[in-house]
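Right, one structure below, let's go through it.
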2 protein chains.
Amino acid sequence: MRELTDVPSWEDIGMAHVAIEGMIHKTPVITCANIDSLTGARIYFKCENFQKVGAFKMRGAACTALSLSKDAIDKGLATHSSGNHAQAVARAAQLLGTAAHIVMPENAPSIKVNAVKGYGAHVYLSGNLIQDRETKMQEVLQKTSATFIHPYNNYNIIAGQATAAKELLAQYADLDIVMAPVGGGGLLSGTALTTKYLNSGIQVIGTEPSEVDDAFRAFHSGRLETNQTINTIADGLRTMLGSYTLKVIRQYVDEIVTVSEASIIKAMHLIWERAKIVVEPSGAVPLAAVLENPNKFSNKKIGIIISGGNVDLTKLPF
Amino acid sequence: MRELTDVPSWEDIGMAHVAIEGMIHKTPVITCANIDSLTGARIYFKCENFQKVGAFKMRGAACTALSLSKDAIDKGLATHSSGNHAQAVARAAQLLGTAAHIVMPENAPSIKVNAVKGYGAHVYLSGNLIQDRETKMQEVLQKTSATFIHPYNNYNIIAGQATAAKELLAQYADLDIVMAPVGGGGLLSGTALTTKYLNSGIQVIGTEPSEVDDAFRAFHSGRLETNQTINTIADGLRTMLGSYTLKVIRQYVDEIVTVSEASIIKAMHLIWERAKIVVEPSGAVPLAAVLENPNKFSNKKIGIIISGGNVDLTKLPF
C-alpha cells in the first residue's frame with residue numbers, strides 16, 4: 001500500500017482493502033425486522049462493532065501503518081487519543097511486531113488505558129488539554145522516531161475507513177441511502193468516496209449530534225468550524241473535521257443531518273433491545289436521524305455503518 | 001410435521017427442521033478471539049439471541065404448532081408463561097394466522113406483557129402462584145378450545161429445540177464439546193439428541209445455576225427433583241425438568257455442571273463487552289461453567305448455545 005498524498009481514488013481504496021485484509025475482520029451486515037417495522041425503512045447495519053478492537057478505526061490504522069516503509073514500521077507507531085483510534089494503532093503495531101507509543105490524557109478512563117496497554121503499547125499520560133497532549137506527543141516522537149498516525153486527517157486513514165462501505169455495497173448493491181456518523185470525518189469521507197465511486201445515484205448522508213455540529217456548519221460554510229462545547233454522549237464524535245475530510249465531505253456527501261441527545265439514546269436502546277447487539281452511542285447516531293425524520297427515510301433501503309461497540313457497561317444512559 | 005409421541009429420532013429432527021424453516025431464522029455462529037484467549041478454549045457461540053422473538057423458544061413453538069391439524073390450528077394456540085415461550089407461542093400463532101391465548105401472572109413485567117400483546121395475542125392475567133395460572137389456563141382452554149403448548153415437556157418442542165445444535169454442527173462438525181443451559185430441559189434435550197445422533201464422541205454438557213440445581217440432582221438421582229428457591233438471575237432457568245426431558249437428559253447428556261451467580265454475571269459481562277452481543281443471563285451460563293473450570297475446558301473446541309437475548313436494559317447486574 002503506497003502513501004497517499006491526495007484524495008483516494010477507487011483504485012486506491014481497492015488496494016487498501018487488499019493490503020489490510022489479513023489485519024481486519026470482514027464484519028457482518030445484519031437486519032432487524034422489528035426496527036424496520038418501526039421505521040418503515042429497510043435498514044442494513046454494517047457491524048463494525050464486531051471489528052477488531054471493536055471499531056472501524058482498525059481499518060484506517062492498518063492501512064496507514066502498511067503504507068510506511070519497513071524501516072519506519074520498525075521505529076514504531078504513535079498517536080494521541082483517548083478513544084478507539086488509540087486501540088487501533090496499538091493493535092496494528094502489535095500485529096506488525098513493532099512498538100506503539102500512545103499519549104493519553106490523565107483523565108482517560110482506566111478501562112481505555114488498560115485496553116491500550118493490553119495490546120502491548122507504551123502509554124504516556126499527559127495533561128488533559130489538547131496542547132498538553134501535543135507537547136507530550138512531540139517529546140515522544142523525538143525520543144522514539146516513531147511515526148505519528150493522525151486519527152482522520154490522513155488520506156490513508158480515509159482509504160482504510162472506505163473499505164467498510166465497500167464490503168457493505170458488495171453485499172447489498174441496491175441501497176437508496178448510505179449513512180455514517182461524523183466526528184473527525186474519516187469514516188464519512190471514506191464511506192462517501194466508496195459509495196459515489198460505485199453508484200453516484202446512492203445518497204450519502206452524514207449524521208452528527210446537534211451539540212457538536214461543526215461538520216454540519218462546515219459543510220454549509222465551506223470552512224472548518226469549531227464546537228464551543230462537547231456535551232454529547234457520542235464520545236467518538238466530539239472531534240472536529242480536518243482540512244482533508246472537509247474537502248472530501250463537501251464534494252462527495254449529499255447532506256448532514258443533526259440529531260438530539262434524546263434521539264441518540266433512544267436509537268441506541270432500540271438497537272440493543274431489538275437487534276441484540278452492543279453499539280456505542282456514536283454508532284447509534286444514524287438511526288437517531290432516521291427516527292427523527294420518518295418521512296424522509298420511510299420506504300428507503302438504507303445502509304448504516306455502525307461505527308463501533310466500545311462502551312462502559314457500568315455507565316449506560318438507560 | 002407429525003405429532004411425536006416418543007423421543008424424537010434423527011429423522012424426526014430433520015423433518016422438524018424442514019417444517020419450521022420458514023418460521024425461524026438460521027442464526028449465525030460467532031467467535032471472539034478475546035474470549036478464546038481468556039479461556040484458552042476455542043468457543044463457537046450459536047446466537048439464538050438473534051432468533052425470532054429473541055430466543056430459541058421460537059423453534060419448539062413453531063414445531064409444535066405445525067404438528068397440529070388445520071382444525072386445531074384454527075382454534076388457536078395457548079400457553080401460560082411469563083417468559084420467552086409466551087412470546088414464541090404468540091409469534092407462531094401470528095405467523096400461522098390464528099389466535100394465541102396467553103396466561104401471564106399479574107406480577108409479570110409490563111415489558112413482557114406488551115411484547116406478547118405486540119404479537120397480537122390475547123393476554124389473560126392470573127394470580128402469581130403456579131396453581132392460579134393453571135386454573136386460569138383451564139378456564140381459557142374450555143372457553144376457546146385452543147391447544148395448550150407446554151414449554152418443554154413435549155416431544156415436538158424437544159425436536160424443534162434440537163434444530164439449533166443441528167445448524168451449529170452443520171457449520172462446525174469437529175467440536176469436542178457442546179454446551180447448553182438447562183431449565184425445563186427442552187433445549188438441553190434437543191441439543192443432546194442432535195449431538196449424539198451426529199457424533200457420539202462429542203461430549204454434551206448441561207449447565208445450571210447452583211441456586212436452582214434440580215437438573216443436576218435429578219441427573220444423578222434419576223427422579224424429578226424440586227428447587228426450594230428461585231434465587232437466580234438466570235430467569236429462564238428457574239423452571240424444573242419434566243418427565244420427558246429427564247428421560248432424554250439421563251440417556252444422552254454426559255454431565256451437568258452448576259455455576260455460581262457471580263460467574264453468570266461475569267460471563268454475561270464478558271460476552272457483552274468482548275463479543276458485543278446482548279445475551280440474557282441464562283445464555284451466559286455455559287460460559288460461566290467454562291470460566292469456573294479452566295482445566296476442564298482449555299484447549300477444547302466448544303459449541304455453546306446462547307439461549308436468547310431478552311433482558312430488561314434498565315435492570316442490568318453490572
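Following the order of the C-alpha cells, chains are lettered A, B, ..., residues in each are numbered from 1, and ligands are numbered from 1.
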Practice problem: Could you please write out, as a count of residues only, every residue of region 112-256 of chain B that DSSP assigns to alpha helix (DSSP H)? | Solution: 70
Practice problem: Write out as number ranges by chain each polymer residue whose atoms come within 9 Å of Lys57 (chain B), counting only C-alpha atoms; drop sequence neighbours fewer than 5 positions from it. | Solution: B: 48, 51-52, 62, 84-89, 151, 157, 160-161, 187, 307-308
Exercise. Write out as a PyMOL selection string every residue belonging to chain A that has an atom at most 10 Å from any atom of chain B, counting only C-alpha atoms.
Key: chain A and resi 28+30+32-34+47+49-54+269+271-280+308-318
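In this model, the gap between CA of Ile111 (chain B) and CA of Leu270 (chain A) comes to 13.6 Å.
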Contacts of Thr239 (chain A) within 10 Å, only C-alpha atoms, excl. fewer than 5 positions in-chain, as a short mmCIF file (atom, residue, chain, number, x, y, z; two decimals) with N, CA, C and O atoms, in the first residue's frame:
```cif
data_model
loop_
_atom_site.label_atom_id
_atom_site.label_comp_id
_atom_site.auth_asym_id
_atom_site.auth_seq_id
_atom_site.Cartn_x
_atom_site.Cartn_y
_atom_site.Cartn_z
N PRO A 151 -5.66 10.59 13.52
CA PRO A 151 -6.87 9.76 13.53
C PRO A 151 -7.78 9.91 12.32
O PRO A 151 -8.58 9.02 12.06
N TYR A 152 -7.71 11.04 11.62
CA TYR A 152 -8.65 11.17 10.48
C TYR A 152 -8.12 12.04 9.34
O TYR A 152 -8.42 11.79 8.19
N VAL A 182 -20.47 11.32 11.84
CA VAL A 182 -19.31 12.15 11.52
C VAL A 182 -18.78 12.85 12.77
O VAL A 182 -19.51 13.52 13.50
N GLY A 183 -17.48 12.61 13.02
CA GLY A 183 -16.77 13.31 14.11
C GLY A 183 -15.62 14.05 13.45
O GLY A 183 -15.78 15.16 12.94
N GLY A 184 -14.45 13.41 13.34
CA GLY A 184 -13.34 13.98 12.58
C GLY A 184 -13.55 13.84 11.08
O GLY A 184 -12.93 14.54 10.28
N GLY A 185 -14.39 12.91 10.69
CA GLY A 185 -14.79 12.80 9.29
C GLY A 185 -14.10 11.73 8.48
O GLY A 185 -14.36 11.59 7.28
N VAL A 212 -22.56 19.05 18.85
CA VAL A 212 -21.21 19.22 18.30
C VAL A 212 -21.31 19.25 16.78
O VAL A 212 -20.72 18.44 16.08
N ASP A 214 -20.17 20.92 14.28
CA ASP A 214 -19.20 21.64 13.43
C ASP A 214 -19.22 21.13 11.99
O ASP A 214 -19.04 21.91 11.05
N ALA A 215 -19.43 19.84 11.79
CA ALA A 215 -19.41 19.30 10.42
C ALA A 215 -20.60 19.83 9.63
O ALA A 215 -20.47 20.20 8.46
N THR A 226 -15.70 25.37 14.60
CA THR A 226 -15.34 24.79 15.91
C THR A 226 -16.59 24.59 16.75
O THR A 226 -17.60 25.25 16.55
N ASN A 227 -16.49 23.66 17.70
CA ASN A 227 -17.57 23.44 18.67
C ASN A 227 -17.20 24.14 19.97
O ASN A 227 -16.06 24.06 20.41
N ILE A 230 -18.58 20.13 24.26
CA ILE A 230 -18.58 18.73 23.81
C ILE A 230 -19.61 17.95 24.61
O ILE A 230 -19.39 16.82 25.02
#
```
Quiz item: Quick one: DSSP strand (DSSP E) residues in region 18-205 of chain A, as a ChimeraX atom specification?
Solution: /A:29-30,42-47,77-80,100-105,122-126,147-148,177-181,203-205
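Residues lying within 8 Å of Asp254 (chain A), counting only C-alpha atoms and ignoring same-chain neighbours fewer than 3 positions away, are Gln203, Val204 and Ile205 of chain A.
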What does the file look like for those residues with N, CA, C and O atoms, as an mmCIF file, in the first residue's frame?
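As a result, again.cif now contains:
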```
data_model
loop_
_atom_site.group_PDB
_atom_site.id
_atom_site.type_symbol
_atom_site.label_atom_id
_atom_site.label_comp_id
_atom_site.auth_asym_id
_atom_site.auth_seq_id
_atom_site.Cartn_x
_atom_site.Cartn_y
_atom_site.Cartn_z
ATOM 1 N N GLN A 203 -27.600 8.145 -2.277
ATOM 2 C CA GLN A 203 -27.399 9.323 -1.430
ATOM 3 C C GLN A 203 -26.474 8.986 -0.266
ATOM 4 O O GLN A 203 -26.627 7.935 0.366
ATOM 5 N N VAL A 204 -25.570 9.890 0.058
ATOM 6 C CA VAL A 204 -24.700 9.713 1.230
ATOM 7 C C VAL A 204 -25.050 10.785 2.258
ATOM 8 O O VAL A 204 -24.995 11.988 1.950
ATOM 9 N N ILE A 205 -25.441 10.337 3.453
ATOM 10 C CA ILE A 205 -25.866 11.276 4.491
ATOM 11 C C ILE A 205 -25.000 11.104 5.731
ATOM 12 O O ILE A 205 -24.901 10.001 6.278
#
```
Please identify all polymer residues within 12 Å of Gly201 (chain B), counting only C-alpha atoms, omitting same-chain residues fewer than 2 positions from it, and present them as a compact mmCIF listing (two decimals) with N, CA and C atoms, in the first residue's frame.
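Once written, out_13.txt looks like this:
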```
# COMPACT_ATOMS: atom_id res chain seq x y z
N ALA B 173 -18.41 -29.19 12.48
CA ALA B 173 -18.66 -30.59 12.81
C ALA B 173 -17.67 -31.15 13.82
N ASP B 174 -16.51 -30.52 13.93
CA ASP B 174 -15.43 -31.16 14.69
C ASP B 174 -15.28 -30.60 16.10
N LEU B 175 -16.41 -30.36 16.77
CA LEU B 175 -16.35 -29.85 18.14
C LEU B 175 -16.00 -30.99 19.10
N ASP B 176 -15.39 -30.63 20.23
CA ASP B 176 -15.14 -31.61 21.29
C ASP B 176 -16.32 -31.68 22.25
N ILE B 177 -16.96 -30.52 22.46
CA ILE B 177 -17.99 -30.40 23.49
C ILE B 177 -19.11 -29.50 22.96
N VAL B 178 -20.35 -29.83 23.27
CA VAL B 178 -21.46 -28.91 23.04
C VAL B 178 -22.14 -28.65 24.38
N ALA B 192 -28.75 -32.46 23.05
CA ALA B 192 -28.09 -33.76 23.30
C ALA B 192 -28.47 -34.77 22.22
N THR B 195 -26.67 -33.88 18.91
CA THR B 195 -25.22 -34.07 19.00
C THR B 195 -24.85 -35.55 19.01
N LYS B 196 -25.54 -36.33 19.83
CA LYS B 196 -25.18 -37.75 19.93
C LYS B 196 -25.58 -38.53 18.67
N TYR B 197 -26.69 -38.14 18.04
CA TYR B 197 -27.05 -38.79 16.77
C TYR B 197 -25.97 -38.55 15.72
N LEU B 198 -25.44 -37.33 15.72
CA LEU B 198 -24.46 -36.98 14.69
C LEU B 198 -23.08 -37.54 15.01
N ASN B 199 -22.69 -37.50 16.28
CA ASN B 199 -21.34 -37.94 16.64
C ASN B 199 -21.29 -38.22 18.12
N GLN B 203 -18.86 -34.59 23.54
CA GLN B 203 -19.44 -34.53 24.89
C GLN B 203 -20.57 -33.52 24.95
N VAL B 204 -21.65 -33.84 25.63
CA VAL B 204 -22.74 -32.89 25.82
C VAL B 204 -22.83 -32.54 27.30
N TYR B 252 -28.81 -39.11 27.25
CA TYR B 252 -27.97 -38.53 26.20
C TYR B 252 -26.98 -37.46 26.65
N VAL B 253 -27.12 -36.96 27.87
CA VAL B 253 -26.22 -35.92 28.35
C VAL B 253 -25.09 -36.56 29.16
N ASP B 254 -23.86 -36.05 28.99
CA ASP B 254 -22.74 -36.64 29.71
C ASP B 254 -22.59 -36.11 31.12
```
Practice problem: Could you jot down the CA of Thr144 (chain B) to CA of Ser110 (chain B) separation for me, Å, one decimal place? | Solution: 24.6 Å
Practice problem: Extract, using only C-alpha atoms, all DNA, RNA and protein residues at most 9 Å from region 260-262 of chain B, discarding same-chain residues fewer than 4 positions from it, and format them as number ranges by chain. | Solution: B: 208-211, 232-234, 266-267, 288-289, 292
With all heavy atoms kept, could you save the residues just selected as a compact mmCIF listing (two decimals), in the first residue's frame?
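File produced: part33.txt:
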```txt
# COMPACT_ATOMS: atom_id res chain seq x y z
N GLU B 208 -26.14 -25.19 34.71
CA GLU B 208 -27.29 -24.79 35.52
C GLU B 208 -26.81 -23.93 36.70
O GLU B 208 -25.76 -24.20 37.27
CB GLU B 208 -27.93 -26.09 36.06
CG GLU B 208 -29.25 -25.91 36.73
CD GLU B 208 -29.80 -27.25 37.22
OE1 GLU B 208 -29.00 -28.12 37.65
OE2 GLU B 208 -31.03 -27.40 37.20
N PRO B 209 -27.56 -22.91 37.07
CA PRO B 209 -27.19 -22.16 38.27
C PRO B 209 -27.27 -23.06 39.51
O PRO B 209 -28.23 -23.81 39.67
CB PRO B 209 -28.26 -21.06 38.36
CG PRO B 209 -28.89 -21.00 36.98
CD PRO B 209 -28.79 -22.38 36.43
N SER B 210 -26.28 -22.99 40.41
CA SER B 210 -26.31 -23.78 41.65
C SER B 210 -27.57 -23.51 42.45
O SER B 210 -28.06 -24.39 43.16
CB SER B 210 -25.12 -23.43 42.56
OG SER B 210 -23.94 -23.46 41.85
N GLU B 211 -28.07 -22.29 42.34
CA GLU B 211 -29.25 -21.90 43.13
C GLU B 211 -30.51 -22.68 42.75
O GLU B 211 -31.45 -22.74 43.53
CB GLU B 211 -29.52 -20.39 42.96
CG GLU B 211 -28.49 -19.49 43.61
CD GLU B 211 -28.63 -19.45 45.14
OE1 GLU B 211 -29.70 -19.82 45.65
OE2 GLU B 211 -27.65 -19.07 45.80
N THR B 232 -32.06 -16.98 41.37
CA THR B 232 -31.04 -16.86 40.33
C THR B 232 -31.40 -15.74 39.38
O THR B 232 -32.57 -15.50 39.10
CB THR B 232 -30.85 -18.17 39.54
OG1 THR B 232 -29.87 -17.94 38.50
CG2 THR B 232 -32.15 -18.62 38.87
N ILE B 233 -30.36 -15.08 38.90
CA ILE B 233 -30.56 -14.03 37.90
C ILE B 233 -30.97 -14.63 36.56
O ILE B 233 -31.55 -13.94 35.72
CB ILE B 233 -29.27 -13.19 37.76
CG1 ILE B 233 -29.54 -11.96 36.90
CG2 ILE B 233 -28.14 -14.01 37.19
CD1 ILE B 233 -28.36 -11.04 36.76
N ALA B 234 -30.69 -15.92 36.38
CA ALA B 234 -31.00 -16.58 35.10
C ALA B 234 -32.47 -16.96 35.08
O ALA B 234 -32.85 -18.11 35.31
CB ALA B 234 -30.10 -17.80 34.91
N LYS B 266 -20.39 -12.50 35.57
CA LYS B 266 -19.08 -12.28 34.95
C LYS B 266 -19.09 -12.72 33.49
O LYS B 266 -18.57 -12.02 32.60
CB LYS B 266 -18.02 -13.06 35.74
CG LYS B 266 -16.60 -12.76 35.35
CD LYS B 266 -15.63 -13.51 36.27
CE LYS B 266 -14.22 -13.44 35.70
NZ LYS B 266 -13.32 -14.43 36.35
N ALA B 267 -19.69 -13.88 33.23
CA ALA B 267 -19.73 -14.40 31.86
C ALA B 267 -20.59 -13.53 30.97
O ALA B 267 -20.25 -13.24 29.82
CB ALA B 267 -20.26 -15.84 31.87
N ALA B 288 -20.11 -19.35 31.88
CA ALA B 288 -19.79 -19.31 33.31
C ALA B 288 -19.15 -20.63 33.74
O ALA B 288 -18.19 -20.65 34.52
CB ALA B 288 -21.05 -19.03 34.13
N ALA B 289 -19.66 -21.73 33.22
CA ALA B 289 -19.09 -23.05 33.56
C ALA B 289 -17.66 -23.18 33.03
O ALA B 289 -16.80 -23.76 33.70
CB ALA B 289 -19.97 -24.17 33.01
N GLU B 292 -15.40 -21.17 35.33
CA GLU B 292 -15.19 -21.79 36.66
C GLU B 292 -14.30 -23.03 36.60
O GLU B 292 -13.78 -23.45 37.64
CB GLU B 292 -16.55 -22.19 37.28
CG GLU B 292 -17.31 -21.02 37.88
CD GLU B 292 -18.45 -21.48 38.80
OE1 GLU B 292 -18.56 -22.69 39.10
OE2 GLU B 292 -19.23 -20.59 39.22
```
Quiz prompt | Near-Arg223 (chain B) list (9 Å; only C-alpha atoms; drop same-chain fewer than 6 positions) as a PyMOL selection string | solution = chain B and resi 217+243+246
Quiz item: Of the candidates B:Gln142, B:Ser282, B:Gln171, B:Thr194, which one gets nearest to Arg238 (chain B) if we count only C-alpha atoms?
Solution: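 Closest to Arg238 (chain B) of all the choices is B:Ser282.
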